[in-house]
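Visitor: Below are the structure tokens for one structure; questions will follow.
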Amino acid sequence: MSLQSLGTQMLRVDAREVPVELALHPRARRITLRVDKARGTLRLTLPPGVSESEGLRFAGRQQAWLRRRLSELPQAVPFADGAQVPVLGELHTIRHLPDARRGVWRSAGEIRVSGEAAHLPRRVRDHLKREARREIAARAAPLAGQVGRRHGRITIRDTASRWGSCSARGDLSFSWRLILAPERVLQYVVAHEVAHLREMNHSPRFWAVVDQLIDDVETPKAWLRRHGASLMRYG
């Protein structure tokens, strides 16, 4: 049986109000509290018979632990004029050029954005999504050809729990935030999901297919373990 969402409450940690996502797990035996590093929120899971108020009191008693864990979260980087954002691992500075009338484009280490300042965050985000789709699509088709398969639809999402997925029908889904990672990391994730077109598992046969598609598997895997959560702080 799956988690049942109970909505979101706010919890005070020192002078800070932190969102807490509450969920009921029918097989849980105790209250669990964890920090979602990707979104900067808390997840409070309750077993049957424990009320939301009791769960929130439990969370409120964990001030020292929460203070320490929240302090470890990477600092958010809003999409704003002057902010530095990586594109395929290379830092670019967002530059607002309100009168340029060219949309969004990259040049000389900058992401240049025309139009009104109020639209800048959305325009940067949309631009990065388009770049992610372009880079991923350009890699997926030839890799699928190498394993004798054809992929289905490619979907670009903003997922917090996984970088990519492959459905039983061969449809591929990826996080747009891969465009922020180094090129070899994006290439690895695309190869990983394309390999599922042959092997819908993580067996030795699956990893043998991945090894056919990409020379270095361990380096990008290690990068994602160490730095993947930091990509969630942008925008």
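Each chain in the structure tokens gets a letter, A, B, ..., in the order shown, and its residues are numbered from 1; ligands are numbered from 1 in order too.
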Region 13-23 of chain A: which residues within 10 Å, counting only C-alpha atoms, same-chain residues fewer than 5 positions away excluded, as a ChimeraX atom specification?

Guide: /A:2-8,33-36,39-47,52,55-56,59-64,66-67,70

Visitor: DSSP on the backbone: which residues in region 10-234 of chain A end up as strand (DSSP E)? Give the answer as number ranges by chain.

Guide: A: 10-13, 16-24, 32-36, 41-46, 84-87, 90-96, 104-107, 110-113, 154-157, 164-166, 172-175

Visitor: Using backbone DSSP assignments, extract all helix (DSSP H, G or I) residues from region 180-210 of chain A; output them as a list in words.

Guide: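 Answer for region 180-210 of chain A, restricted to helix (DSSP H, G or I): Leu180, Glu183, Arg184, Val185, Leu186, Gln187, Tyr188, Val189, Val190, Ala191, His192, Glu193, Val194, Ala195, Pro204, Arg205, Phe206, Trp207, Ala208, Val209 and Val210 of chain A.
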
Visitor: Put those residues in a file: N, CA and C atoms, as a PDB file, in the first residue's frame.

Guide:
ATOM      1  N   LEU A 180      22.049  21.439 -16.487  1.00  0.00           N
ATOM      2  CA  LEU A 180      22.955  22.163 -15.595  1.00  0.00           C
ATOM      3  C   LEU A 180      24.215  21.354 -15.291  1.00  0.00           C
ATOM      4  N   GLU A 183      28.489  17.782 -19.233  1.00  0.00           N
ATOM      5  CA  GLU A 183      28.004  17.042 -20.395  1.00  0.00           C
ATOM      6  C   GLU A 183      28.109  15.548 -20.208  1.00  0.00           C
ATOM      7  N   ARG A 184      29.185  15.064 -19.581  1.00  0.00           N
ATOM      8  CA  ARG A 184      29.355  13.619 -19.423  1.00  0.00           C
ATOM      9  C   ARG A 184      28.288  13.031 -18.492  1.00  0.00           C
ATOM     10  N   VAL A 185      27.758  13.848 -17.576  1.00  0.00           N
ATOM     11  CA  VAL A 185      26.706  13.386 -16.673  1.00  0.00           C
ATOM     12  C   VAL A 185      25.394  13.253 -17.435  1.00  0.00           C
ATOM     13  N   LEU A 186      25.059  14.263 -18.236  1.00  0.00           N
ATOM     14  CA  LEU A 186      23.856  14.175 -19.059  1.00  0.00           C
ATOM     15  C   LEU A 186      23.943  12.981 -20.003  1.00  0.00           C
ATOM     16  N   GLN A 187      25.106  12.792 -20.618  1.00  0.00           N
ATOM     17  CA  GLN A 187      25.293  11.674 -21.541  1.00  0.00           C
ATOM     18  C   GLN A 187      25.078  10.339 -20.828  1.00  0.00           C
ATOM     19  N   TYR A 188      25.573  10.220 -19.611  1.00  0.00           N
ATOM     20  CA  TYR A 188      25.412   8.985 -18.846  1.00  0.00           C
ATOM     21  C   TYR A 188      23.947   8.703 -18.550  1.00  0.00           C
ATOM     22  N   VAL A 189      23.200   9.722 -18.116  1.00  0.00           N
ATOM     23  CA  VAL A 189      21.796   9.487 -17.765  1.00  0.00           C
ATOM     24  C   VAL A 189      21.001   9.085 -19.003  1.00  0.00           C
ATOM     25  N   VAL A 190      21.279   9.719 -20.133  1.00  0.00           N
ATOM     26  CA  VAL A 190      20.579   9.329 -21.356  1.00  0.00           C
ATOM     27  C   VAL A 190      20.935   7.891 -21.723  1.00  0.00           C
ATOM     28  N   ALA A 191      22.205   7.543 -21.641  1.00  0.00           N
ATOM     29  CA  ALA A 191      22.619   6.166 -21.948  1.00  0.00           C
ATOM     30  C   ALA A 191      21.965   5.176 -20.992  1.00  0.00           C
ATOM     31  N   HIS A 192      21.886   5.537 -19.725  1.00  0.00           N
ATOM     32  CA  HIS A 192      21.261   4.674 -18.720  1.00  0.00           C
ATOM     33  C   HIS A 192      19.811   4.354 -19.090  1.00  0.00           C
ATOM     34  N   GLU A 193      19.049   5.408 -19.441  1.00  0.00           N
ATOM     35  CA  GLU A 193      17.636   5.180 -19.756  1.00  0.00           C
ATOM     36  C   GLU A 193      17.463   4.468 -21.090  1.00  0.00           C
ATOM     37  N   VAL A 194      18.308   4.771 -22.066  1.00  0.00           N
ATOM     38  CA  VAL A 194      18.235   4.067 -23.349  1.00  0.00           C
ATOM     39  C   VAL A 194      18.533   2.581 -23.156  1.00  0.00           C
ATOM     40  N   ALA A 195      19.458   2.260 -22.253  1.00  0.00           N
ATOM     41  CA  ALA A 195      19.772   0.849 -21.994  1.00  0.00           C
ATOM     42  C   ALA A 195      18.553   0.090 -21.499  1.00  0.00           C
ATOM     43  N   PRO A 204      23.100  -7.488 -14.272  1.00  0.00           N
ATOM     44  CA  PRO A 204      24.394  -7.410 -14.963  1.00  0.00           C
ATOM     45  C   PRO A 204      24.242  -7.215 -16.471  1.00  0.00           C
ATOM     46  N   ARG A 205      23.196  -7.805 -17.062  1.00  0.00           N
ATOM     47  CA  ARG A 205      22.973  -7.624 -18.502  1.00  0.00           C
ATOM     48  C   ARG A 205      22.684  -6.155 -18.825  1.00  0.00           C
ATOM     49  N   PHE A 206      21.913  -5.497 -17.936  1.00  0.00           N
ATOM     50  CA  PHE A 206      21.624  -4.084 -18.137  1.00  0.00           C
ATOM     51  C   PHE A 206      22.910  -3.262 -18.122  1.00  0.00           C
ATOM     52  N   TRP A 207      23.747  -3.469 -17.102  1.00  0.00           N
ATOM     53  CA  TRP A 207      24.971  -2.672 -16.998  1.00  0.00           C
ATOM     54  C   TRP A 207      25.940  -2.985 -18.139  1.00  0.00           C
ATOM     55  N   ALA A 208      25.856  -4.180 -18.680  1.00  0.00           N
ATOM     56  CA  ALA A 208      26.677  -4.504 -19.854  1.00  0.00           C
ATOM     57  C   ALA A 208      26.242  -3.656 -21.051  1.00  0.00           C
ATOM     58  N   VAL A 209      24.933  -3.417 -21.171  1.00  0.00           N
ATOM     59  CA  VAL A 209      24.438  -2.553 -22.246  1.00  0.00           C
ATOM     60  C   VAL A 209      24.912  -1.114 -22.024  1.00  0.00           C
ATOM     61  N   VAL A 210      24.832  -0.637 -20.782  1.00  0.00           N
ATOM     62  CA  VAL A 210      25.309   0.720 -20.485  1.00  0.00           C
ATOM     63  C   VAL A 210      26.782   0.853 -20.861  1.00  0.00           C
TER      64      VAL A 210
END

Visitor: For Leu91 (chain A), which residue among A:Gly152, A:Pro121, A:Pro182, A:Gly115 is the nearest when counting only C-alpha atoms?

Guide: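 Between A:Gly152, A:Pro121, A:Pro182, A:Gly115, the residue approaching Leu91 (chain A) most closely is A:Pro182.
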
Visitor: If you take only C-alpha atoms and a cut-off of 12 Å, which residues of region 123-166 of chain A touch region 214-226 of chain A, and what are their nearest atom pairs and distances in Å to one decimal, in chain and number order, as JSON lines?

Guide:
{"residue": "A:Arg139", "atom": "CA", "partner": "A:Ile214", "partner_atom": "CA", "distance": 11.4}
{"residue": "A:Leu143", "atom": "CA", "partner": "A:Ile214", "partner_atom": "CA", "distance": 9.3}
{"residue": "A:Gln146", "atom": "CA", "partner": "A:Ile214", "partner_atom": "CA", "distance": 11.0}
{"residue": "A:Arg162", "atom": "CA", "partner": "A:Leu224", "partner_atom": "CA", "distance": 10.8}
{"residue": "A:Trp163", "atom": "CA", "partner": "A:Leu224", "partner_atom": "CA", "distance": 9.4}

Visitor: Could you jot down the CA of Met10 (chain A) to CA of Ala28 (chain A) separation for me, Å, one decimal place?

Guide: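 It comes out at 22.5 Å.
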
Visitor: Which polymer residues have any atom within 9 Å of an atom of Arg112 (chain A), counting only C-alpha atoms, with same-chain residues fewer than 4 positions away left out, as number ranges by chain?

Guide: A: 93-97, 102-107, 124

Visitor: Taking N, CA and C atoms for each residue, export the selection above as a short mmCIF file (atom, residue, chain, number, x, y, z; two decimals), in the first residue's frame.

Guide:
data_model
loop_
_atom_site.label_atom_id
_atom_site.label_comp_id
_atom_site.auth_asym_id
_atom_site.auth_seq_id
_atom_site.Cartn_x
_atom_site.Cartn_y
_atom_site.Cartn_z
N THR A 93 26.54 33.69 -16.66
CA THR A 93 25.94 34.78 -15.91
C THR A 93 24.67 35.24 -16.61
N ILE A 94 23.57 35.31 -15.85
CA ILE A 94 22.32 35.82 -16.41
C ILE A 94 22.44 37.32 -16.58
N ARG A 95 22.16 37.80 -17.79
CA ARG A 95 22.27 39.23 -18.08
C ARG A 95 20.94 39.72 -18.65
N HIS A 96 20.30 40.65 -17.96
CA HIS A 96 19.02 41.19 -18.41
C HIS A 96 19.26 42.35 -19.38
N LEU A 97 18.76 42.19 -20.60
CA LEU A 97 18.86 43.23 -21.63
C LEU A 97 17.44 43.55 -22.08
N ARG A 102 15.11 39.86 -28.23
CA ARG A 102 15.61 38.65 -28.86
C ARG A 102 15.26 37.40 -28.08
N GLY A 103 14.38 37.52 -27.09
CA GLY A 103 14.05 36.35 -26.29
C GLY A 103 15.17 36.02 -25.33
N VAL A 104 15.66 34.77 -25.38
CA VAL A 104 16.75 34.31 -24.53
C VAL A 104 17.78 33.64 -25.41
N TRP A 105 19.04 33.99 -25.22
CA TRP A 105 20.11 33.37 -25.99
C TRP A 105 21.38 33.36 -25.16
N ARG A 106 22.28 32.45 -25.51
CA ARG A 106 23.56 32.34 -24.83
C ARG A 106 24.67 32.90 -25.70
N SER A 107 25.55 33.67 -25.08
CA SER A 107 26.67 34.25 -25.81
C SER A 107 27.75 34.68 -24.84
N VAL A 124 14.13 32.26 -18.48
CA VAL A 124 15.36 31.49 -18.30
C VAL A 124 15.03 30.01 -18.12
#

Visitor: Quote the spacing between CA of Thr155 (chain A) and CA of Ala141 (chain A) in Å to one decimal place.

Guide: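 It comes out at 13.9 Å.
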
Visitor: I'd like the contact shell of Glu131 (chain A) - 9 Å cut-off, only C-alpha atoms, skipping same-chain residues fewer than 5 positions apart - returned as a list in words.

Guide: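 The residues that qualify are Asp126, Ile136, Trp176 and Ile179 of chain A.
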
Visitor: Can those selected residues be exported to a file as an mmCIF file, in the first residue's frame so that it contains C-alpha atoms?

Guide:
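Result file is again34.cif:
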data_model
loop_
_atom_site.group_PDB
_atom_site.id
_atom_site.type_symbol
_atom_site.label_atom_id
_atom_site.label_comp_id
_atom_site.auth_asym_id
_atom_site.auth_seq_id
_atom_site.Cartn_x
_atom_site.Cartn_y
_atom_site.Cartn_z
ATOM 1 C CA ASP A 126 11.869 27.798 -20.399
ATOM 2 C CA ILE A 136 18.845 14.884 -24.775
ATOM 3 C CA TRP A 176 15.402 19.386 -17.277
ATOM 4 C CA ILE A 179 21.246 20.622 -18.642
#

Visitor: Separation of CA of Glu116 (chain A) and CA of Ala80 (chain A), in Å?

Guide: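 CA of Ala80 (chain A) lies at a distance of 11.9 Å from CA of Glu116 (chain A).
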